[in-house]
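Source file: upload-v3.cif (mmCIF, C-alpha atoms; chains and numbers go by the auth columns)
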data_protein
loop_
_atom_site.group_PDB
_atom_site.id
_atom_site.type_symbol
_atom_site.label_atom_id
_atom_site.label_comp_id
_atom_site.label_asym_id
_atom_site.label_seq_id
_atom_site.Cartn_x
_atom_site.Cartn_y
_atom_site.Cartn_z
_atom_site.B_iso_or_equiv
_atom_site.auth_seq_id
_atom_site.auth_asym_id
ATOM 1 C CA MET A 1 -4.497 67.599 -76.802 0.00 1 A
ATOM 2 C CA ASN A 2 -4.753 71.390 -76.724 0.00 2 A
ATOM 3 C CA LYS A 3 -5.026 73.332 -79.969 0.00 3 A
ATOM 4 C CA ILE A 4 -3.144 76.584 -79.408 0.00 4 A
ATOM 5 C CA TYR A 5 -3.473 79.758 -81.480 0.00 5 A
ATOM 6 C CA ALA A 6 -1.452 82.929 -80.937 0.00 6 A
ATOM 7 C CA LEU A 7 -3.485 86.087 -81.405 0.00 7 A
ATOM 8 C CA ILE A 8 -1.634 89.374 -81.923 0.00 8 A
ATOM 9 C CA PRO A 9 -3.808 92.529 -81.808 0.00 9 A
ATOM 10 C CA ALA A 10 -2.604 95.382 -84.004 0.00 10 A
ATOM 11 C CA ARG A 11 -5.120 98.134 -84.556 0.00 11 A
ATOM 12 C CA SER A 12 -3.902 101.131 -86.518 0.00 12 A
ATOM 13 C CA GLY A 13 -5.414 104.033 -84.587 0.00 13 A
ATOM 14 C CA SER A 14 -2.992 104.553 -81.713 0.00 14 A
ATOM 15 C CA LYS A 15 -3.232 108.092 -80.351 0.00 15 A
ATOM 16 C CA SER A 16 -0.199 108.014 -78.040 0.00 16 A
ATOM 17 C CA ILE A 17 2.224 107.210 -80.887 0.00 17 A
ATOM 18 C CA LYS A 18 1.171 107.184 -84.540 0.00 18 A
ATOM 19 C CA ASP A 19 1.352 103.650 -85.983 0.00 19 A
ATOM 20 C CA LYS A 20 2.860 102.404 -82.728 0.00 20 A
ATOM 21 C CA ASN A 21 2.497 98.725 -83.630 0.00 21 A
ATOM 22 C CA ILE A 22 4.706 99.030 -86.697 0.00 22 A
ATOM 23 C CA LEU A 23 7.481 101.202 -85.257 0.00 23 A
ATOM 24 C CA LYS A 24 10.853 99.826 -86.382 0.00 24 A
ATOM 25 C CA LEU A 25 12.939 98.361 -83.584 0.00 25 A
ATOM 26 C CA GLY A 26 16.230 97.344 -85.148 0.00 26 A
ATOM 27 C CA THR A 27 15.420 95.686 -88.465 0.00 27 A
ATOM 28 C CA LYS A 28 11.824 94.702 -87.583 0.00 28 A
ATOM 29 C CA SER A 29 8.612 96.394 -86.552 0.00 29 A
ATOM 30 C CA LEU A 30 7.116 95.720 -83.115 0.00 30 A
ATOM 31 C CA LEU A 31 4.454 93.648 -84.875 0.00 31 A
ATOM 32 C CA GLU A 32 7.056 91.524 -86.669 0.00 32 A
ATOM 33 C CA TRP A 33 8.963 90.880 -83.435 0.00 33 A
ATOM 34 C CA SER A 34 5.827 89.305 -81.945 0.00 34 A
ATOM 35 C CA ILE A 35 5.010 87.259 -85.042 0.00 35 A
ATOM 36 C CA ASP A 36 8.561 85.937 -85.304 0.00 36 A
ATOM 37 C CA ILE A 37 8.774 84.772 -81.689 0.00 37 A
ATOM 38 C CA CYS A 38 5.456 82.916 -81.931 0.00 38 A
ATOM 39 C CA LYS A 39 6.514 81.171 -85.132 0.00 39 A
ATOM 40 C CA LYS A 40 9.619 79.843 -83.364 0.00 40 A
ATOM 41 C CA SER A 41 7.546 77.802 -80.918 0.00 41 A
ATOM 42 C CA ASP A 42 6.589 74.220 -81.747 0.00 42 A
ATOM 43 C CA LEU A 43 3.814 74.464 -79.142 0.00 43 A
ATOM 44 C CA ILE A 44 1.885 77.105 -81.102 0.00 44 A
ATOM 45 C CA ASP A 45 -0.226 75.662 -83.897 0.00 45 A
ATOM 46 C CA ARG A 46 -1.109 78.862 -85.764 0.00 46 A
ATOM 47 C CA VAL A 47 -0.253 82.575 -85.508 0.00 47 A
ATOM 48 C CA PHE A 48 -2.916 85.208 -86.243 0.00 48 A
ATOM 49 C CA VAL A 49 -3.022 88.987 -86.350 0.00 49 A
ATOM 50 C CA SER A 50 -6.244 90.871 -85.642 0.00 50 A
ATOM 51 C CA THR A 51 -6.072 94.252 -87.377 0.00 51 A
ATOM 52 C CA ASP A 52 -8.294 96.859 -88.997 0.00 52 A
ATOM 53 C CA SER A 53 -5.546 97.956 -91.411 0.00 53 A
ATOM 54 C CA ILE A 54 -4.723 96.629 -94.885 0.00 54 A
ATOM 55 C CA LYS A 55 -1.178 97.945 -94.420 0.00 55 A
ATOM 56 C CA TYR A 56 -0.766 96.023 -91.162 0.00 56 A
ATOM 57 C CA LYS A 57 -2.334 92.957 -92.780 0.00 57 A
ATOM 58 C CA ASN A 58 0.242 92.972 -95.560 0.00 58 A
ATOM 59 C CA ILE A 59 3.119 93.346 -93.073 0.00 59 A
ATOM 60 C CA SER A 60 1.714 90.449 -91.052 0.00 60 A
ATOM 61 C CA LEU A 61 1.269 88.162 -94.043 0.00 61 A
ATOM 62 C CA LYS A 62 4.817 88.860 -95.204 0.00 62 A
ATOM 63 C CA ALA A 63 6.089 87.961 -91.726 0.00 63 A
ATOM 64 C CA GLY A 64 4.247 84.635 -91.855 0.00 64 A
ATOM 65 C CA ALA A 65 1.117 85.263 -89.794 0.00 65 A
ATOM 66 C CA GLU A 66 -2.443 84.565 -90.870 0.00 66 A
ATOM 67 C CA VAL A 67 -4.921 87.442 -91.262 0.00 67 A
ATOM 68 C CA PRO A 68 -8.232 85.846 -92.314 0.00 68 A
ATOM 69 C CA TYR A 69 -10.276 89.055 -91.927 0.00 69 A
ATOM 70 C CA LEU A 70 -10.020 92.762 -91.172 0.00 70 A
ATOM 71 C CA ARG A 71 -11.302 93.665 -87.746 0.00 71 A
ATOM 72 C CA PRO A 72 -14.484 95.819 -87.837 0.00 72 A
ATOM 73 C CA LYS A 73 -13.938 99.502 -87.086 0.00 73 A
ATOM 74 C CA LYS A 74 -16.532 99.430 -84.306 0.00 74 A
ATOM 75 C CA ILE A 75 -14.221 97.238 -82.199 0.00 75 A
ATOM 76 C CA SER A 76 -10.971 98.927 -83.274 0.00 76 A
ATOM 77 C CA GLY A 77 -11.241 102.317 -81.568 0.00 77 A
ATOM 78 C CA ASP A 78 -9.124 103.662 -78.721 0.00 78 A
ATOM 79 C CA LYS A 79 -11.902 102.818 -76.266 0.00 79 A
ATOM 80 C CA SER A 80 -12.442 99.270 -77.542 0.00 80 A
ATOM 81 C CA ILE A 81 -11.760 96.559 -74.991 0.00 81 A
ATOM 82 C CA ASP A 82 -9.732 93.378 -75.418 0.00 82 A
ATOM 83 C CA TYR A 83 -12.790 91.182 -74.949 0.00 83 A
ATOM 84 C CA ASP A 84 -14.310 92.548 -78.167 0.00 84 A
ATOM 85 C CA PHE A 85 -11.553 91.524 -80.564 0.00 85 A
ATOM 86 C CA VAL A 86 -10.948 88.195 -78.803 0.00 86 A
ATOM 87 C CA ARG A 87 -14.643 87.321 -78.941 0.00 87 A
ATOM 88 C CA HIS A 88 -14.750 88.375 -82.599 0.00 88 A
ATOM 89 C CA PHE A 89 -11.833 85.993 -83.237 0.00 89 A
ATOM 90 C CA ILE A 90 -13.602 83.137 -81.420 0.00 90 A
ATOM 91 C CA ASP A 91 -16.883 83.693 -83.260 0.00 91 A
ATOM 92 C CA PHE A 92 -15.058 83.653 -86.599 0.00 92 A
ATOM 93 C CA PHE A 93 -13.500 80.251 -85.923 0.00 93 A
ATOM 94 C CA LYS A 94 -16.648 78.885 -84.324 0.00 94 A
ATOM 95 C CA THR A 95 -18.412 79.203 -87.695 0.00 95 A
ATOM 96 C CA LYS A 96 -15.543 77.306 -89.323 0.00 96 A
ATOM 97 C CA LYS A 97 -15.499 74.651 -86.572 0.00 97 A
ATOM 98 C CA GLU A 98 -11.795 75.349 -85.994 0.00 98 A
ATOM 99 C CA LEU A 99 -11.922 76.651 -82.425 0.00 99 A
ATOM 100 C CA PRO A 100 -8.647 76.588 -80.457 0.00 100 A
ATOM 101 C CA THR A 101 -8.526 75.282 -76.906 0.00 101 A
ATOM 102 C CA LEU A 102 -6.211 78.088 -75.824 0.00 102 A
ATOM 103 C CA ILE A 103 -5.540 81.574 -77.184 0.00 103 A
ATOM 104 C CA LEU A 104 -2.193 83.232 -76.506 0.00 104 A
ATOM 105 C CA HIS A 105 -2.717 86.986 -76.326 0.00 105 A
ATOM 106 C CA ILE A 106 0.577 88.454 -77.555 0.00 106 A
ATOM 107 C CA ARG A 107 0.823 92.257 -77.552 0.00 107 A
ATOM 108 C CA PRO A 108 3.182 93.904 -80.070 0.00 108 A
ATOM 109 C CA THR A 109 4.007 96.571 -77.491 0.00 109 A
ATOM 110 C CA THR A 110 6.089 94.061 -75.502 0.00 110 A
ATOM 111 C CA PRO A 111 8.383 92.990 -78.341 0.00 111 A
ATOM 112 C CA LEU A 112 11.501 91.537 -76.702 0.00 112 A
ATOM 113 C CA ARG A 113 10.558 88.050 -75.614 0.00 113 A
ATOM 114 C CA SER A 114 12.137 84.625 -75.228 0.00 114 A
ATOM 115 C CA VAL A 115 10.529 81.576 -76.843 0.00 115 A
ATOM 116 C CA GLU A 116 11.670 79.542 -73.840 0.00 116 A
ATOM 117 C CA ILE A 117 9.659 81.731 -71.453 0.00 117 A
ATOM 118 C CA ILE A 118 6.600 81.603 -73.719 0.00 118 A
ATOM 119 C CA GLU A 119 6.775 77.800 -73.815 0.00 119 A
ATOM 120 C CA ARG A 120 7.311 77.631 -70.066 0.00 120 A
ATOM 121 C CA ALA A 121 4.052 79.557 -69.603 0.00 121 A
ATOM 122 C CA ILE A 122 2.173 77.261 -71.986 0.00 122 A
ATOM 123 C CA LYS A 123 3.418 74.148 -70.196 0.00 123 A
ATOM 124 C CA ALA A 124 2.650 75.603 -66.763 0.00 124 A
ATOM 125 C CA PHE A 125 -0.938 76.641 -67.487 0.00 125 A
ATOM 126 C CA ASP A 126 -3.601 74.302 -66.143 0.00 126 A
ATOM 127 C CA ASN A 127 -6.912 75.310 -67.732 0.00 127 A
ATOM 128 C CA LYS A 128 -8.836 72.967 -65.443 0.00 128 A
ATOM 129 C CA LYS A 129 -7.644 74.743 -62.302 0.00 129 A
ATOM 130 C CA PHE A 130 -7.292 78.312 -63.622 0.00 130 A
ATOM 131 C CA SER A 131 -9.538 80.494 -65.775 0.00 131 A
ATOM 132 C CA SER A 132 -6.557 82.203 -67.470 0.00 132 A
ATOM 133 C CA LEU A 133 -2.868 83.058 -67.139 0.00 133 A
ATOM 134 C CA ARG A 134 -1.324 86.539 -67.014 0.00 134 A
ATOM 135 C CA SER A 135 2.356 87.393 -67.099 0.00 135 A
ATOM 136 C CA VAL A 136 3.530 89.859 -64.464 0.00 136 A
ATOM 137 C CA HIS A 137 6.739 91.200 -63.007 0.00 137 A
ATOM 138 C CA GLU A 138 7.355 92.485 -59.520 0.00 138 A
ATOM 139 C CA MET A 139 6.950 96.229 -59.000 0.00 139 A
ATOM 140 C CA SER A 140 10.043 98.060 -57.766 0.00 140 A
ATOM 141 C CA GLU A 141 7.854 99.699 -55.109 0.00 141 A
ATOM 142 C CA SER A 142 4.844 97.995 -53.602 0.00 142 A
ATOM 143 C CA ALA A 143 1.548 99.439 -54.819 0.00 143 A
ATOM 144 C CA TYR A 144 0.641 99.793 -51.144 0.00 144 A
ATOM 145 C CA LYS A 145 3.183 102.643 -50.957 0.00 145 A
ATOM 146 C CA MET A 146 1.507 104.534 -53.798 0.00 146 A
ATOM 147 C CA MET A 147 -0.607 107.670 -53.329 0.00 147 A
ATOM 148 C CA GLU A 148 -3.598 109.308 -54.987 0.00 148 A
ATOM 149 C CA ILE A 149 -4.967 112.847 -55.005 0.00 149 A
ATOM 150 C CA ASN A 150 -8.237 112.850 -53.075 0.00 150 A
ATOM 151 C CA LYS A 151 -11.328 114.977 -53.705 0.00 151 A
ATOM 152 C CA LYS A 152 -9.951 117.717 -51.457 0.00 152 A
ATOM 153 C CA GLY A 153 -6.791 117.961 -53.558 0.00 153 A
ATOM 154 C CA PHE A 154 -4.525 116.344 -50.927 0.00 154 A
ATOM 155 C CA LEU A 155 -2.149 113.427 -51.426 0.00 155 A
ATOM 156 C CA ASP A 156 -3.669 110.381 -49.802 0.00 156 A
ATOM 157 C CA PRO A 157 -2.048 106.935 -49.313 0.00 157 A
ATOM 158 C CA ILE A 158 -3.823 104.208 -51.251 0.00 158 A
ATOM 159 C CA ALA A 159 -3.155 101.827 -48.353 0.00 159 A
ATOM 160 C CA LYS A 160 -5.049 103.218 -45.391 0.00 160 A
ATOM 161 C CA ASN A 161 -4.521 102.069 -41.815 0.00 161 A
ATOM 162 C CA LYS A 162 -5.800 104.254 -38.982 0.00 162 A
ATOM 163 C CA ASN A 163 -3.388 102.580 -36.562 0.00 163 A
ATOM 164 C CA VAL A 164 -0.264 103.382 -38.601 0.00 164 A
ATOM 165 C CA ARG A 165 1.011 106.941 -38.864 0.00 165 A
ATOM 166 C CA ASP A 166 2.393 108.067 -42.272 0.00 166 A
ATOM 167 C CA ILE A 167 1.952 104.534 -43.590 0.00 167 A
ATOM 168 C CA SER A 168 3.363 105.371 -47.030 0.00 168 A
ATOM 169 C CA ASN A 169 6.720 106.262 -45.433 0.00 169 A
ATOM 170 C CA ASN A 170 7.219 102.788 -43.996 0.00 170 A
ATOM 171 C CA PRO A 171 10.042 100.655 -45.460 0.00 171 A
ATOM 172 C CA ARG A 172 9.013 98.711 -48.578 0.00 172 A
ATOM 173 C CA GLN A 173 9.844 95.474 -46.716 0.00 173 A
ATOM 174 C CA ASN A 174 6.789 96.165 -44.527 0.00 174 A
ATOM 175 C CA PHE A 175 4.429 95.872 -47.498 0.00 175 A
ATOM 176 C CA PRO A 176 3.311 92.852 -49.548 0.00 176 A
ATOM 177 C CA LYS A 177 4.959 92.401 -52.937 0.00 177 A
ATOM 178 C CA THR A 178 2.780 93.620 -55.788 0.00 178 A
ATOM 179 C CA TYR A 179 2.965 92.808 -59.479 0.00 179 A
ATOM 180 C CA VAL A 180 2.120 94.569 -62.727 0.00 180 A
ATOM 181 C CA PRO A 181 0.748 92.788 -65.832 0.00 181 A
ATOM 182 C CA ASN A 182 3.404 93.277 -68.503 0.00 182 A
ATOM 183 C CA GLY A 183 2.009 91.941 -71.782 0.00 183 A
ATOM 184 C CA TYR A 184 4.636 89.213 -72.180 0.00 184 A
ATOM 185 C CA ILE A 185 1.958 86.552 -72.600 0.00 185 A
ATOM 186 C CA ASP A 186 -1.639 86.016 -71.530 0.00 186 A
ATOM 187 C CA ILE A 187 -3.218 82.599 -71.984 0.00 187 A
ATOM 188 C CA LEU A 188 -6.974 82.520 -72.455 0.00 188 A
ATOM 189 C CA SER A 189 -9.360 79.583 -72.394 0.00 189 A
ATOM 190 C CA THR A 190 -11.804 79.594 -75.296 0.00 190 A
ATOM 191 C CA LYS A 191 -14.275 77.470 -73.352 0.00 191 A
ATOM 192 C CA PHE A 192 -14.187 79.814 -70.351 0.00 192 A
ATOM 193 C CA ILE A 193 -14.693 82.929 -72.494 0.00 193 A
ATOM 194 C CA MET A 194 -17.655 81.462 -74.351 0.00 194 A
ATOM 195 C CA LYS A 195 -19.318 80.292 -71.143 0.00 195 A
ATOM 196 C CA ASN A 196 -18.671 83.356 -68.937 0.00 196 A
ATOM 197 C CA LYS A 197 -18.308 86.235 -71.427 0.00 197 A
ATOM 198 C CA LEU A 198 -15.114 87.262 -69.624 0.00 198 A
ATOM 199 C CA LEU A 199 -11.479 87.125 -70.687 0.00 199 A
ATOM 200 C CA HIS A 200 -9.643 86.314 -67.481 0.00 200 A
ATOM 201 C CA GLY A 201 -12.132 85.521 -64.745 0.00 201 A
ATOM 202 C CA GLU A 202 -11.174 85.368 -61.077 0.00 202 A
ATOM 203 C CA LYS A 203 -8.903 82.305 -61.032 0.00 203 A
ATOM 204 C CA ILE A 204 -5.975 83.885 -62.850 0.00 204 A
ATOM 205 C CA MET A 205 -2.682 82.002 -62.778 0.00 205 A
ATOM 206 C CA PRO A 206 0.231 84.381 -62.129 0.00 206 A
ATOM 207 C CA PHE A 207 3.239 83.811 -64.373 0.00 207 A
ATOM 208 C CA ILE A 208 6.218 85.804 -63.117 0.00 208 A
ATOM 209 C CA THR A 209 8.721 86.960 -65.720 0.00 209 A
ATOM 210 C CA PRO A 210 11.825 89.127 -65.518 0.00 210 A
ATOM 211 C CA PHE A 211 11.188 92.851 -65.900 0.00 211 A
ATOM 212 C CA VAL A 212 10.039 93.707 -69.434 0.00 212 A
ATOM 213 C CA GLN A 213 9.667 97.083 -71.098 0.00 213 A
ATOM 214 C CA GLU A 214 6.329 97.877 -72.707 0.00 214 A
ATOM 215 C CA VAL A 215 5.895 100.672 -75.243 0.00 215 A
ATOM 216 C CA ASP A 216 3.366 103.252 -74.070 0.00 216 A
ATOM 217 C CA ASN A 217 5.231 106.368 -75.193 0.00 217 A
ATOM 218 C CA MET A 218 8.327 107.421 -77.163 0.00 218 A
ATOM 219 C CA SER A 219 10.519 107.357 -74.051 0.00 219 A
ATOM 220 C CA ASP A 220 9.697 103.667 -73.629 0.00 220 A
ATOM 221 C CA PHE A 221 10.532 103.060 -77.283 0.00 221 A
ATOM 222 C CA GLU A 222 13.861 104.908 -77.050 0.00 222 A
ATOM 223 C CA TYR A 223 14.748 102.797 -74.005 0.00 223 A
ATOM 224 C CA LEU A 224 13.947 99.623 -75.948 0.00 224 A
ATOM 225 C CA LYS A 225 16.241 100.757 -78.758 0.00 225 A
ATOM 226 C CA TYR A 226 18.972 101.341 -76.168 0.00 226 A
ATOM 227 C CA MET A 227 18.427 97.867 -74.716 0.00 227 A
ATOM 228 C CA LEU A 228 18.584 96.226 -78.124 0.00 228 A
ATOM 229 C CA LYS A 229 21.697 98.165 -79.126 0.00 229 A
ATOM 230 C CA ASN A 230 23.422 97.021 -75.949 0.00 230 A
ATOM 231 C CA GLY A 231 22.423 93.401 -76.309 0.00 231 A
ATOM 232 C CA LYS A 232 19.826 93.434 -73.540 0.00 232 A
ATOM 233 C CA LYS A 233 16.571 91.686 -74.391 0.00 233 A
ATOM 234 C CA ASN A 234 14.758 91.658 -71.038 0.00 234 A
ATOM 235 C CA VAL A 235 15.637 87.969 -70.494 0.00 235 A
#
Produce structure tokens that represent the structure in this file.
Amino acid sequence: MNKIYALIPARSGSKSIKDKNILKLGTKSLLEWSIDICKKSDLIDRVFVSTDSIKYKNISLKAGAEVPYLRPKKISGDKSIDYDFVRHFIDFFKTKKELPTLILHIRPTTPLRSVEIIERAIKAFDNKKFSSLRSVHEMSESAYKMMEINKKGFLDPIAKNKNVRDISNNPRQNFPKTYVPNGYIDILSTKFIMKNKLLHGEKIMPFITPFVQEVDNMSDFEYLKYMLKNGKKNV
């Protein structure tokens, strides 16, 4: 039987928005939204927050999460990668012989979730067939229609086909569907991470959700407030 821990990362040094993880959305901070939804699931054994901040730790404890340590500053900077704090979490529980089978990576910046969708992802994930699971939603425009600025300063289609003229102007129906990871839920295999020193690997199970709004800037946050005020919760 799988032992499942939710892991919510909440470092304090966001440069895009000061204290982004504890912005108040309605009556709760983004961090509290994520803690609360995890605590509603009977499939999640324990809920943890990985943070470098005493302030964030106290908010998390009050909301019912566990914060057994403060994350080291060296893996809490704006250039730190997800693997670092997840591996730090695994190593901590390895010493206590309390390793989970699965880790649910729950980002505070995608706060409006449904417990039913989270549990559907947990039940769907086969950690014998897949190395991890990532939630995604379909892009409104295929990534194959996107463009980049090349070294000469010209717009250049990302999808290149010498036999097709002005390929980026083709109807979207002519391109494959593409998907963007949205932070709703990632499911990680502790065994896979320890063996391969990778988070997701190459055999990633796609888990398609409805469109969800992530918070990268204040415009995103204002849109979330609008959604909440109008009774729209992404699901």
Here is a test: counting all atoms listed in the file, which residue of A:Arg46, A:His88, A:Lys97, A:Lys24 is nearest to Lys3 (chain A)?
A:Arg46
Identify which of the residues A:Arg113, A:Lys94, A:Lys79, A:Lys40 lies closest to Phe211 (chain A), counting all atoms listed in the file when measuring atom-to-atom distances.
A:Arg113
What are the nearest atom pairs, with distances in Å to one decimal, for all residues of region 54-144 of chain A that come at most 9 Å from region 212-219 of chain A, using all atoms listed in the file, set out by chain and rising residue number as a Markdown table?
| residue | atom | partner | partner_atom | distance |
| --- | --- | --- | --- | --- |
| A:Pro108 | CA | A:Val215 | CA | 8.7 |
| A:Thr109 | CA | A:Val215 | CA | 5.0 |
| A:Thr110 | CA | A:Glu214 | CA | 4.7 |
| A:Pro111 | CA | A:Glu214 | CA | 7.7 |
| A:Leu112 | CA | A:Val212 | CA | 7.7 |
| A:Arg113 | CA | A:Val212 | CA | 8.4 |
| A:His137 | CA | A:Val212 | CA | 7.6 |
Can you tell me, as a ChimeraX atom specification, what residues are no more than 10 Å from Lys15 (chain A) when counting only C-alpha atoms, ignoring any on the same chain fewer than 3 positions away?
/A:12,18-20,77-78
I need every residue sitting at most 12 Å from the point (2.7, 77.5, -83.1) (coordinates as in the file, all atoms listed in the file considered), written as number ranges by chain.
A: 2-7, 35-48, 64-66, 100, 102-104, 115, 118-119, 122
Nearest-residue call for Asp156 (chain A), choices A:Tyr144, A:Phe130, A:Leu198, A:Leu99, using only C-alpha atoms:
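Using only C-alpha atoms, the shortest distance to Asp156 (chain A) belongs to A:Tyr144.
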